[in-house]
>>> print(open('coords-v2.csv').read())   # CSV, C-alpha atoms
chain,number,residue,atom,x,y,z
M,274,MET,CA,0.0,0.0,0.0
M,275,ALA,CA,1.5,3.4,-1.0
M,276,ARG,CA,1.8,6.2,1.4
M,277,TRP,CA,2.2,9.9,0.4
M,278,ASN,CA,2.4,13.2,2.1
M,279,LEU,CA,0.4,16.3,1.0
M,280,VAL,CA,2.4,19.4,0.6
M,281,GLY,CA,-0.3,22.0,0.4
M,282,GLU,CA,-4.0,22.6,-0.1
M,283,ASP,CA,-6.5,23.5,-2.8
M,284,MET,CA,-10.3,24.1,-2.7
M,285,ILE,CA,-12.4,21.3,-4.2
M,286,ASP,CA,-15.9,22.4,-5.1
M,287,HIS,CA,-18.7,19.9,-5.2
M,288,THR,CA,-17.7,17.1,-7.5
M,289,PRO,CA,-20.2,14.6,-8.9
M,290,ARG,CA,-19.5,10.9,-8.3
M,291,ASN,CA,-17.0,9.3,-10.7
M,292,GLU,CA,-15.7,12.7,-11.9
M,293,THR,CA,-12.1,13.7,-11.9
M,294,ILE,CA,-10.7,16.3,-9.6
M,295,ARG,CA,-7.3,18.2,-9.7
M,296,VAL,CA,-5.6,19.2,-6.5
M,297,THR,CA,-2.8,21.8,-6.6
M,298,THR,CA,-0.1,21.3,-3.9
M,299,GLY,CA,1.7,24.0,-1.8
M,300,ASN,CA,3.1,23.8,1.7
M,301,ALA,CA,1.7,21.6,4.5
M,302,PHE,CA,3.6,19.7,7.2
M,303,ASP,CA,1.1,17.7,9.2
M,304,LEU,CA,-1.2,15.9,6.7
M,305,VAL,CA,-0.6,12.3,5.7
M,306,GLY,CA,-2.3,10.5,2.8
M,307,GLU,CA,-2.8,6.8,2.2
M,308,ARG,CA,-3.6,5.5,-1.3
M,309,LYS,CA,-5.1,2.1,-2.0
M,310,GLN,CA,-5.8,0.8,-5.5
M,311,THR,CA,-9.3,-0.6,-5.6
M,312,ASN,CA,-9.6,-1.6,-9.3
M,313,PHE,CA,-7.2,-2.3,-12.2
M,314,ARG,CA,-8.3,-3.5,-15.6
M,315,VAL,CA,-6.3,-3.7,-18.9
M,316,ASP,CA,-7.5,-4.6,-22.4
M,317,THR,CA,-4.4,-4.9,-24.5
M,318,GLY,CA,-6.5,-5.8,-27.6
M,319,ASP,CA,-8.5,-2.5,-27.4
M,320,LYS,CA,-5.5,-0.7,-25.9
M,321,TRP,CA,-7.1,0.7,-22.7
M,322,LEU,CA,-6.5,0.7,-19.0
M,323,ASP,CA,-8.9,1.5,-16.2
M,324,GLU,CA,-7.9,1.9,-12.6
M,325,SER,CA,-9.5,3.3,-9.4
M,326,PHE,CA,-8.0,4.4,-6.1
M,327,GLU,CA,-9.3,5.1,-2.6
M,328,ASN,CA,-7.5,8.0,-0.9
M,329,GLN,CA,-7.5,8.7,2.9
M,330,ILE,CA,-6.1,11.9,4.3
M,331,THR,CA,-5.4,12.2,8.0
M,332,GLN,CA,-3.7,14.8,10.2
M,333,SER,CA,-0.5,13.5,11.7
M,334,GLN,CA,-0.3,15.9,14.6
M,335,THR,CA,-2.8,16.9,17.3
M,336,GLY,CA,-3.6,20.4,18.3
M,337,ALA,CA,-5.1,23.5,16.6
M,338,GLY,CA,-6.3,23.2,13.1
M,339,GLY,CA,-7.7,20.2,11.4
M,340,ILE,CA,-8.9,18.9,8.1
M,341,SER,CA,-11.9,20.8,6.8
M,342,ARG,CA,-13.9,20.8,3.6
M,343,GLY,CA,-14.1,24.1,1.7
>>> encode(input="coords-v2.csv", output="C-alpha cells")
Amino acid sequence: MARWNLVGEDMIDHTPRNETIRVTTGNAFDLVGERKQTNFRVDTGDKWLDESFENQITQSQTGAGGISRG
C-alpha cells in the first residue's frame, strides 16, 4: 500500500461521483495521505487501461487546526 504526504491545499468544489478532480499542492507539514488501488483492468487488444483508487487523508499531529472541507 502506497503512502504519500500532501504538501499544500486547494479548494475542491462539489464534485459529482465518478468525476475527476485536480488538486494543486503547496506547503503543509502535518497531513498524511494513504492511497489504495481498488480496481485495475487492462485490455491490450483494445488498448485501454482503467484503474481506481481510494485515498484517505489524516492529520498526523494533534492540536489546533484540522482537516476541513471548503
>>> atom_distance(input="coords-v2.csv", atom1="CA of Lys309 in chain M", atom2="CA of Asn328 in chain M")
6.5 Å
>>> residues_around(input="coords-v2.csv", residues="Glu324 in chain M", least_positions_apart="3", cutoff="8 Å", atoms="all atoms listed in the file", output="MDAnalysis selection string")
chainID M and resid 310:314
>>> write_last_selection(input="coords-v2.csv", atoms="C-alpha atoms", output="PDB file, keeping the file's coordinate frame")
ATOM      1  CA  GLN M 310      -5.800   0.800  -5.500  1.00  0.00           C
ATOM      2  CA  THR M 311      -9.300  -0.600  -5.600  1.00  0.00           C
ATOM      3  CA  ASN M 312      -9.600  -1.600  -9.300  1.00  0.00           C
ATOM      4  CA  PHE M 313      -7.200  -2.300 -12.200  1.00  0.00           C
ATOM      5  CA  ARG M 314      -8.300  -3.500 -15.600  1.00  0.00           C
TER       6      ARG M 314
END
>>> atom_distance(input="coords-v2.csv", atom1="CA of Val305 in chain M", atom2="CA of Asp323 in chain M")
25.8 Å
>>> residues_around(input="coords-v2.csv", residues="Thr293 in chain M", least_positions_apart="6", cutoff="12 Å", atoms="only C-alpha atoms", output="list of chain:residue names")
M:Ile285, M:Asp286, M:His287, M:Ser325, M:Phe326
>>> atom_distance(input="coords-v2.csv", atom1="CA of Arg290 in chain M", atom2="CA of Thr317 in chain M")
27.2 Å
>>> residues_near_point(input="coords-v2.csv", point="(-3.3, 9.2, 7.3)", cutoff="7 Å", atoms="only C-alpha atoms", output="list in words")
Val305, Gly306, Glu307, Gln329, Ile330, Thr331, Gln332 and Ser333 of chain M
